[in-house]
Amino acid sequence: MKEEKKEFYYFENGLYKIVHSELINFLGENGFANMRIGGTTKLVRIQNNIVSEVNESDLSWFIKDYLISLDEKDVLEAFVKGIGSYLNKRKYELLPKVQGLIDKDPIDCAWLYFKNVAVKVTENKIVLVSYPDLPHKIWKNRIIDKDFNLIDFTNGQFKDFCFKLSKKDVTRFNVLKTLLGYLLHRHNNPAVVKIAIFMDENATKGGQTNGGTGKSLLAKALSHCVETVLMDGKNMKRESRFNNQRINHTTDIVCFDDVDSKFSLEIVYSMATSGFVIEKKGKDELILKPEESPKILISTNYFVNGSGGSSDARRRHEFEVANYFSDKLTPKMVYKNLFFDEWDDNEWNCFFSFMIDCIQLFLKAGLLEPMPLNIKVNKLTHLTSPEFLEFTSSNSIPSEKWIEKAELLTEFKKSYPTLRDITSHKLTKWLKLYASEFGLEYIDKKTGKKYEFKLKARNELNNETGDENNI
């Protein structure tokens, strides 16, 4: 007959009794706690520096499994009979309160977490760290469900895939690597936020583009390393309060996949600069500060609209994906397997080792800017019309001579009768866009009743005079 008090229960007068306060202490000693996250309180459990969200049933099951392990069937019976009084919301409030966890990366290093080891990446070192030796706590869902060994990734399929998406050009390849590294680095500086855009190199306004070029596979690759929420760019309800409901405090990347020509960066500007407001049906609002927020990625077959101006240009980082792959030449045809689904352990280790190399290059070199392929022409085609681009190419614009606007407008309408409704104001706007995109300066003047303009290289402007009129 047991009479001594043990853990949170004791035997008295032929019955097992559970001490409520000791049960709460027992749960606290085993890592259960309350944590404040984004304005809400969540139940968590902390083990070996790994934090996981739990719910009420997890507490019950933990106690049940513990008592079974001790073969305390009578205590378990007493616990089950009175479970509603031993465990309830008011009792959970008495669990230890722990500081909210933000496990973002510091500015000078990045971490990836695998089943067998954590990997610390700096610009010069790659260090494998066991979880009990982690210098910080992490959320459990950071852990990639793969074991990892650092290996030579030279012959890895994904490395070769990225090289082909870079037109087999080493400089562009390094640009893509730094962009992948930027997205994998869980550090947000609100002052230098970039919206990453993977776009088809032939992206045009309503034109034909090649599907299957690999943009979505890049996003999927990132999702195997960090927590990524995929948004359907075509079918997203732009005015819905619940667009962000799948995003949470551990989301690292939000990818707006395959957005159409109507999508605008203005939809995501406030998220990128001011943080995320997340409304979930029937739950408290979650607010993520900019430094806590996920990074934003867009994949598209079109030029992405924006507000224009220097602020818009500063926020976007556009990488034109080469049209090496298509529906007629898929990665499976080239590599003889489906990426991710049909990889063996060696290919996975090549992949992760390559992604770590991308992080290392980003930490060393920063976010490299790509040389444009067709983006200037494609952007102008989107903002003006294909006919305008054709017209400027065939009419020697820019010119060393002053050009009369009325004559140019007449010639344009004559060349393209379907655009006979074009106005002088519209043509002037298009000419200014053309100048801006190609590093020229639009200048105009009025001579008598004539309005004339010239597009000049910027270093030639000191010798020019003229009035800037919005005609």
# chains A, B, ... in the order shown; residues from 1 in each chain; ligands from 1
>>> closest_atom_pairs(of="range 319-438 of chain A", to="range 177-185 of chain A", cutoff="7 Å", atoms="only C-alpha atoms", output="JSON lines")
{"residue": "A:Cys358", "atom": "CA", "partner": "A:Gly181", "partner_atom": "CA", "distance": 4.7}
{"residue": "A:Ile359", "atom": "CA", "partner": "A:Gly181", "partner_atom": "CA", "distance": 3.8}
{"residue": "A:Leu361", "atom": "CA", "partner": "A:Thr178", "partner_atom": "CA", "distance": 6.0}
{"residue": "A:Phe362", "atom": "CA", "partner": "A:Thr178", "partner_atom": "CA", "distance": 4.5}
{"residue": "A:Gly366", "atom": "CA", "partner": "A:Thr178", "partner_atom": "CA", "distance": 6.8}
{"residue": "A:Leu367", "atom": "CA", "partner": "A:Thr178", "partner_atom": "CA", "distance": 5.4}
{"residue": "A:Leu368", "atom": "CA", "partner": "A:Thr178", "partner_atom": "CA", "distance": 6.3}
>>> write_last_selection(atoms="N, CA and C atoms", output="PDB file, in the first residue's frame")
ATOM      1  N   CYS A 358      24.603  29.211 -51.403  1.00  0.00           N
ATOM      2  CA  CYS A 358      23.897  30.438 -51.810  1.00  0.00           C
ATOM      3  C   CYS A 358      23.819  31.422 -50.644  1.00  0.00           C
ATOM      4  N   ILE A 359      23.502  30.911 -49.461  1.00  0.00           N
ATOM      5  CA  ILE A 359      23.447  31.770 -48.279  1.00  0.00           C
ATOM      6  C   ILE A 359      24.815  32.388 -48.020  1.00  0.00           C
ATOM      7  N   LEU A 361      27.274  32.961 -50.087  1.00  0.00           N
ATOM      8  CA  LEU A 361      27.608  33.990 -51.080  1.00  0.00           C
ATOM      9  C   LEU A 361      26.844  35.279 -50.800  1.00  0.00           C
ATOM     10  N   PHE A 362      25.572  35.162 -50.414  1.00  0.00           N
ATOM     11  CA  PHE A 362      24.807  36.363 -50.077  1.00  0.00           C
ATOM     12  C   PHE A 362      25.420  37.093 -48.888  1.00  0.00           C
ATOM     13  N   GLY A 366      26.418  40.252 -50.576  1.00  0.00           N
ATOM     14  CA  GLY A 366      25.173  41.009 -50.599  1.00  0.00           C
ATOM     15  C   GLY A 366      24.300  40.583 -51.756  1.00  0.00           C
ATOM     16  N   LEU A 367      23.246  41.329 -51.991  1.00  0.00           N
ATOM     17  CA  LEU A 367      22.293  41.007 -53.056  1.00  0.00           C
ATOM     18  C   LEU A 367      22.779  41.628 -54.362  1.00  0.00           C
ATOM     19  N   LEU A 368      23.314  40.805 -55.248  1.00  0.00           N
ATOM     20  CA  LEU A 368      23.855  41.293 -56.514  1.00  0.00           C
ATOM     21  C   LEU A 368      22.721  41.658 -57.473  1.00  0.00           C
TER      22      LEU A 368
END
>>> residues_around(residues="range 330-332 of chain A", least_positions_apart="6", cutoff="12 Å", atoms="only C-alpha atoms", output="list in words")
Gln157, Phe158, Asp160, Phe161, Cys162, Lys164, Leu165, Asn210, Gly211, Gly212, Thr213, Gly214, Lys215, Leu217, Asn323, Tyr324, Leu338, Phe339, Phe340, Asp341, Glu342 and Trp343 of chain A
>>> write_last_selection(atoms="N, CA and C atoms", output="PDB file, in the first residue's frame")
ATOM      1  N   GLN A 157      21.919  18.161 -59.201  1.00  0.00           N
ATOM      2  CA  GLN A 157      20.940  18.514 -60.242  1.00  0.00           C
ATOM      3  C   GLN A 157      20.424  19.941 -60.077  1.00  0.00           C
ATOM      4  N   PHE A 158      20.142  20.337 -58.840  1.00  0.00           N
ATOM      5  CA  PHE A 158      19.535  21.660 -58.661  1.00  0.00           C
ATOM      6  C   PHE A 158      20.531  22.766 -58.983  1.00  0.00           C
ATOM      7  N   ASP A 160      22.822  22.608 -61.294  1.00  0.00           N
ATOM      8  CA  ASP A 160      22.835  22.664 -62.756  1.00  0.00           C
ATOM      9  C   ASP A 160      21.562  23.309 -63.284  1.00  0.00           C
ATOM     10  N   PHE A 161      20.438  23.001 -62.656  1.00  0.00           N
ATOM     11  CA  PHE A 161      19.147  23.599 -63.017  1.00  0.00           C
ATOM     12  C   PHE A 161      19.223  25.127 -62.910  1.00  0.00           C
ATOM     13  N   CYS A 162      19.741  25.627 -61.801  1.00  0.00           N
ATOM     14  CA  CYS A 162      19.852  27.075 -61.602  1.00  0.00           C
ATOM     15  C   CYS A 162      20.819  27.699 -62.611  1.00  0.00           C
ATOM     16  N   LYS A 164      21.315  26.696 -65.652  1.00  0.00           N
ATOM     17  CA  LYS A 164      20.585  26.788 -66.919  1.00  0.00           C
ATOM     18  C   LYS A 164      19.565  27.926 -66.886  1.00  0.00           C
ATOM     19  N   LEU A 165      18.921  28.162 -65.726  1.00  0.00           N
ATOM     20  CA  LEU A 165      17.983  29.282 -65.605  1.00  0.00           C
ATOM     21  C   LEU A 165      18.694  30.626 -65.695  1.00  0.00           C
ATOM     22  N   ASN A 210       6.330  31.400 -72.175  1.00  0.00           N
ATOM     23  CA  ASN A 210       6.540  29.962 -72.077  1.00  0.00           C
ATOM     24  C   ASN A 210       6.286  29.493 -70.662  1.00  0.00           C
ATOM     25  N   GLY A 211       5.266  28.663 -70.467  1.00  0.00           N
ATOM     26  CA  GLY A 211       5.049  28.079 -69.164  1.00  0.00           C
ATOM     27  C   GLY A 211       6.093  27.015 -68.872  1.00  0.00           C
ATOM     28  N   GLY A 212       6.243  26.669 -67.608  1.00  0.00           N
ATOM     29  CA  GLY A 212       7.159  25.603 -67.240  1.00  0.00           C
ATOM     30  C   GLY A 212       8.615  25.966 -67.322  1.00  0.00           C
ATOM     31  N   THR A 213       8.956  27.260 -67.198  1.00  0.00           N
ATOM     32  CA  THR A 213      10.358  27.673 -67.311  1.00  0.00           C
ATOM     33  C   THR A 213      11.149  27.402 -66.038  1.00  0.00           C
ATOM     34  N   GLY A 214      10.474  27.107 -64.932  1.00  0.00           N
ATOM     35  CA  GLY A 214      11.195  26.758 -63.708  1.00  0.00           C
ATOM     36  C   GLY A 214      10.991  27.695 -62.547  1.00  0.00           C
ATOM     37  N   LYS A 215      10.208  28.751 -62.745  1.00  0.00           N
ATOM     38  CA  LYS A 215      10.003  29.740 -61.668  1.00  0.00           C
ATOM     39  C   LYS A 215       9.352  29.098 -60.448  1.00  0.00           C
ATOM     40  N   LEU A 217       9.433  25.988 -59.567  1.00  0.00           N
ATOM     41  CA  LEU A 217      10.352  25.048 -58.936  1.00  0.00           C
ATOM     42  C   LEU A 217      11.334  25.766 -58.016  1.00  0.00           C
ATOM     43  N   ASN A 323      14.586  31.008 -70.727  1.00  0.00           N
ATOM     44  CA  ASN A 323      13.631  30.044 -71.268  1.00  0.00           C
ATOM     45  C   ASN A 323      14.336  28.770 -71.738  1.00  0.00           C
ATOM     46  N   TYR A 324      15.158  28.208 -70.877  1.00  0.00           N
ATOM     47  CA  TYR A 324      15.812  26.932 -71.225  1.00  0.00           C
ATOM     48  C   TYR A 324      14.791  25.795 -71.163  1.00  0.00           C
ATOM     49  N   LEU A 338      11.804  13.284 -61.127  1.00  0.00           N
ATOM     50  CA  LEU A 338      11.075  14.442 -60.622  1.00  0.00           C
ATOM     51  C   LEU A 338      11.869  15.071 -59.491  1.00  0.00           C
ATOM     52  N   PHE A 339      12.082  16.382 -59.576  1.00  0.00           N
ATOM     53  CA  PHE A 339      12.765  17.068 -58.484  1.00  0.00           C
ATOM     54  C   PHE A 339      12.028  16.822 -57.170  1.00  0.00           C
ATOM     55  N   PHE A 340      12.796  16.624 -56.130  1.00  0.00           N
ATOM     56  CA  PHE A 340      12.325  16.452 -54.755  1.00  0.00           C
ATOM     57  C   PHE A 340      11.648  15.088 -54.540  1.00  0.00           C
ATOM     58  N   ASP A 341      10.636  14.769 -55.316  1.00  0.00           N
ATOM     59  CA  ASP A 341       9.868  13.545 -55.077  1.00  0.00           C
ATOM     60  C   ASP A 341      10.683  12.282 -55.338  1.00  0.00           C
ATOM     61  N   GLU A 342      11.609  12.338 -56.269  1.00  0.00           N
ATOM     62  CA  GLU A 342      12.339  11.132 -56.665  1.00  0.00           C
ATOM     63  C   GLU A 342      13.845  11.231 -56.391  1.00  0.00           C
ATOM     64  N   TRP A 343      14.232  12.127 -55.515  1.00  0.00           N
ATOM     65  CA  TRP A 343      15.641  12.258 -55.170  1.00  0.00           C
ATOM     66  C   TRP A 343      16.057  11.227 -54.127  1.00  0.00           C
TER      67      TRP A 343
END
>>> residues_around(residues="Phe303 in chain A", least_positions_apart="4", cutoff="12 Å", atoms="only C-alpha atoms", output="ChimeraX atom specification")
/A:197-207,209,258-265,298-299,316,318-320,374-383
>>> write_last_selection(atoms="C-alpha atoms", output="PDB file, in the first residue's frame")
ATOM      1  CA  ILE A 197      10.413  38.705 -58.520  1.00  0.00           C
ATOM      2  CA  PHE A 198      11.100  35.683 -60.715  1.00  0.00           C
ATOM      3  CA  MET A 199       9.809  36.555 -64.155  1.00  0.00           C
ATOM      4  CA  ASP A 200       9.845  34.983 -67.591  1.00  0.00           C
ATOM      5  CA  GLU A 201      12.574  36.539 -69.744  1.00  0.00           C
ATOM      6  CA  ASN A 202       9.927  37.072 -72.429  1.00  0.00           C
ATOM      7  CA  ALA A 203       7.361  38.603 -70.057  1.00  0.00           C
ATOM      8  CA  THR A 204       5.118  40.980 -72.001  1.00  0.00           C
ATOM      9  CA  LYS A 205       1.751  42.641 -71.782  1.00  0.00           C
ATOM     10  CA  GLY A 206      -0.733  40.003 -72.835  1.00  0.00           C
ATOM     11  CA  GLY A 207       1.848  38.319 -75.045  1.00  0.00           C
ATOM     12  CA  THR A 209       5.045  33.364 -72.633  1.00  0.00           C
ATOM     13  CA  ASP A 258       1.969  32.836 -61.106  1.00  0.00           C
ATOM     14  CA  VAL A 259       0.438  36.312 -60.748  1.00  0.00           C
ATOM     15  CA  ASP A 260      -1.365  37.742 -63.756  1.00  0.00           C
ATOM     16  CA  SER A 261      -0.991  41.076 -65.542  1.00  0.00           C
ATOM     17  CA  LYS A 262      -3.513  42.741 -63.180  1.00  0.00           C
ATOM     18  CA  PHE A 263      -1.396  42.129 -60.070  1.00  0.00           C
ATOM     19  CA  SER A 264       0.332  45.194 -58.611  1.00  0.00           C
ATOM     20  CA  LEU A 265       3.177  45.533 -56.137  1.00  0.00           C
ATOM     21  CA  ILE A 298       6.512  36.817 -56.721  1.00  0.00           C
ATOM     22  CA  SER A 299       6.638  34.546 -59.765  1.00  0.00           C
ATOM     23  CA  ARG A 316      11.820  45.347 -56.508  1.00  0.00           C
ATOM     24  CA  GLU A 318      13.676  41.265 -60.642  1.00  0.00           C
ATOM     25  CA  PHE A 319      15.407  38.209 -62.021  1.00  0.00           C
ATOM     26  CA  GLU A 320      14.558  37.161 -65.568  1.00  0.00           C
ATOM     27  CA  ASN A 374      14.581  41.845 -72.064  1.00  0.00           C
ATOM     28  CA  ILE A 375      13.076  43.559 -69.055  1.00  0.00           C
ATOM     29  CA  LYS A 376      13.410  47.106 -70.383  1.00  0.00           C
ATOM     30  CA  VAL A 377      11.646  46.289 -73.635  1.00  0.00           C
ATOM     31  CA  ASN A 378       9.088  44.052 -71.925  1.00  0.00           C
ATOM     32  CA  LYS A 379       8.354  46.712 -69.318  1.00  0.00           C
ATOM     33  CA  LEU A 380       7.863  49.363 -71.995  1.00  0.00           C
ATOM     34  CA  THR A 381       5.668  47.026 -74.018  1.00  0.00           C
ATOM     35  CA  HIS A 382       3.558  46.552 -70.892  1.00  0.00           C
ATOM     36  CA  LEU A 383       3.363  50.273 -70.047  1.00  0.00           C
TER      37      LEU A 383
END
>>> closest_residue(among="A:Gly31, A:Pro398, A:Leu419, A:Asn189", to="Glu441 in chain A", atoms="only C-alpha atoms")
A:Pro398
>>> atom_distance(atom1="CA of Lys104 in chain A", atom2="CA of Lys364 in chain A")
18.9 Å
>>> closest_atom_pairs(of="range 67-123 of chain A", to="range 128-146 of chain A", cutoff="10 Å", atoms="only C-alpha atoms", output="CSV")
residue,atom,partner,partner_atom,distance
A:Leu101,CA,A:Lys137,CA,7.6
A:Ile102,CA,A:Ile138,CA,8.1
A:Asp103,CA,A:Ile138,CA,5.6
A:Lys104,CA,A:Ile138,CA,8.9
A:Trp111,CA,A:Arg142,CA,9.8
A:Leu112,CA,A:Ile143,CA,7.8
A:Tyr113,CA,A:Ile143,CA,4.8
A:Phe114,CA,A:Ile144,CA,4.7
A:Lys115,CA,A:Lys146,CA,5.6
A:Asn116,CA,A:Ser130,CA,7.6
A:Val117,CA,A:Ser130,CA,5.2
A:Ala118,CA,A:Val129,CA,5.0
A:Val119,CA,A:Leu128,CA,4.7
A:Lys120,CA,A:Leu128,CA,6.4
A:Val121,CA,A:Leu128,CA,9.0
>>> atom_distance(atom1="CA of Asn55 in chain A", atom2="CA of Glu77 in chain A")
21.8 Å
>>> atom_distance(atom1="CA of Arg36 in chain A", atom2="CA of Lys91 in chain A")
16.8 Å
>>> residues_around(residues="range 4-18 of chain A", least_positions_apart="6", cutoff="9 Å", atoms="only C-alpha atoms", output="list in words")
Ile24, Asn25, Phe26, Asp74, Val75, Ala78, Phe79 and Tyr86 of chain A
>>> closest_residue(among="A:Ile107, A:Ala219, A:Ile397, A:Ile126", to="Gln360 in chain A", atoms="only C-alpha atoms")
A:Ile126
>>> select_by_dssp(residues="range 81-184 of chain A", states="alpha helix (DSSP H)", output="number ranges by chain")
A: 81, 83-86, 89-92, 157-165, 170-184
>>> write_last_selection(atoms="C-alpha atoms", output="mmCIF file, in the first residue's frame")
data_model
loop_
_atom_site.group_PDB
_atom_site.id
_atom_site.type_symbol
_atom_site.label_atom_id
_atom_site.label_comp_id
_atom_site.auth_asym_id
_atom_site.auth_seq_id
_atom_site.Cartn_x
_atom_site.Cartn_y
_atom_site.Cartn_z
ATOM 1 C CA LYS A 81 -12.330 10.743 -13.841
ATOM 2 C CA ILE A 83 -9.759 15.550 -15.919
ATOM 3 C CA GLY A 84 -12.134 18.486 -16.376
ATOM 4 C CA SER A 85 -11.199 19.895 -12.977
ATOM 5 C CA TYR A 86 -7.463 19.145 -13.221
ATOM 6 C CA LYS A 89 -8.240 27.083 -19.296
ATOM 7 C CA ARG A 90 -8.005 28.748 -15.883
ATOM 8 C CA LYS A 91 -5.463 26.142 -14.776
ATOM 9 C CA TYR A 92 -3.363 26.626 -17.927
ATOM 10 C CA GLN A 157 20.940 18.514 -60.242
ATOM 11 C CA PHE A 158 19.535 21.660 -58.661
ATOM 12 C CA LYS A 159 22.800 23.555 -59.051
ATOM 13 C CA ASP A 160 22.835 22.664 -62.756
ATOM 14 C CA PHE A 161 19.147 23.599 -63.017
ATOM 15 C CA CYS A 162 19.852 27.075 -61.602
ATOM 16 C CA PHE A 163 22.833 27.480 -63.941
ATOM 17 C CA LYS A 164 20.585 26.788 -66.919
ATOM 18 C CA LEU A 165 17.983 29.282 -65.605
ATOM 19 C CA VAL A 170 28.436 32.657 -64.427
ATOM 20 C CA THR A 171 27.677 36.268 -63.523
ATOM 21 C CA ARG A 172 23.913 35.771 -63.739
ATOM 22 C CA PHE A 173 24.272 32.478 -61.873
ATOM 23 C CA ASN A 174 25.909 34.275 -58.953
ATOM 24 C CA VAL A 175 23.130 36.881 -58.997
ATOM 25 C CA LEU A 176 20.529 34.112 -58.718
ATOM 26 C CA LYS A 177 22.511 32.466 -55.918
ATOM 27 C CA THR A 178 22.562 35.682 -53.872
ATOM 28 C CA LEU A 179 18.814 36.124 -54.405
ATOM 29 C CA LEU A 180 18.181 32.588 -53.150
ATOM 30 C CA GLY A 181 20.530 33.289 -50.244
ATOM 31 C CA TYR A 182 18.673 36.508 -49.408
ATOM 32 C CA LEU A 183 15.351 34.652 -49.300
ATOM 33 C CA LEU A 184 16.806 31.859 -47.137
#
>>> residues_around(residues="range 220-233 of chain A", least_positions_apart="2", cutoff="6 Å", atoms="only C-alpha atoms", output="ChimeraX atom specification")
/A:217-218,235-236,251-259
>>> residues_around(residues="Tyr416 in chain A", least_positions_apart="4", cutoff="8 Å", atoms="only C-alpha atoms", output="ChimeraX atom specification")
/A:387,412,420
>>> select_by_dssp(residues="range 161-386 of chain A", states="strand (DSSP E)", output="ChimeraX atom specification")
/A:195-200,228-232,253-259,276-278,286-288,295-300,316-321
>>> closest_residue(among="A:Val19, A:Ile37, A:Glu411, A:Gly156", to="Ser394 in chain A", atoms="only C-alpha atoms")
A:Glu411
>>> closest_residue(among="A:Pro290, A:Ser52, A:Leu363, A:Phe148", to="Cys109 in chain A", atoms="only C-alpha atoms")
A:Leu363
>>> closest_residue(among="A:Val127, A:Val51, A:Ile287, A:Val268", to="Ile247 in chain A", atoms="only C-alpha atoms")
A:Ile287
>>> closest_residue(among="A:Leu87, A:Phe438, A:Ile267, A:Glu93", to="Ser60 in chain A", atoms="only C-alpha atoms")
A:Leu87
>>> residues_around(residues="Asn34 in chain A", least_positions_apart="6", cutoff="9 Å", atoms="only C-alpha atoms", output="mmCIF file with C-alpha atoms, in the first residue's frame")
data_model
loop_
_atom_site.group_PDB
_atom_site.id
_atom_site.type_symbol
_atom_site.label_atom_id
_atom_site.label_comp_id
_atom_site.auth_asym_id
_atom_site.auth_seq_id
_atom_site.Cartn_x
_atom_site.Cartn_y
_atom_site.Cartn_z
ATOM 1 C CA THR A 41 -1.034 33.886 -25.758
ATOM 2 C CA LYS A 42 -0.203 30.364 -26.882
ATOM 3 C CA LEU A 43 0.501 27.110 -25.062
ATOM 4 C CA VAL A 44 3.991 25.844 -25.867
ATOM 5 C CA ARG A 45 6.443 23.159 -24.818
ATOM 6 C CA TYR A 92 -3.363 26.626 -17.927
ATOM 7 C CA GLU A 93 -3.044 30.310 -17.077
ATOM 8 C CA LEU A 94 -0.980 29.264 -14.034
ATOM 9 C CA LEU A 95 1.703 27.609 -16.175
ATOM 10 C CA PRO A 96 5.031 29.503 -16.357
ATOM 11 C CA LYS A 97 5.083 32.571 -18.568
ATOM 12 C CA VAL A 98 8.028 32.683 -20.968
ATOM 13 C CA GLN A 99 9.272 35.432 -23.231
#
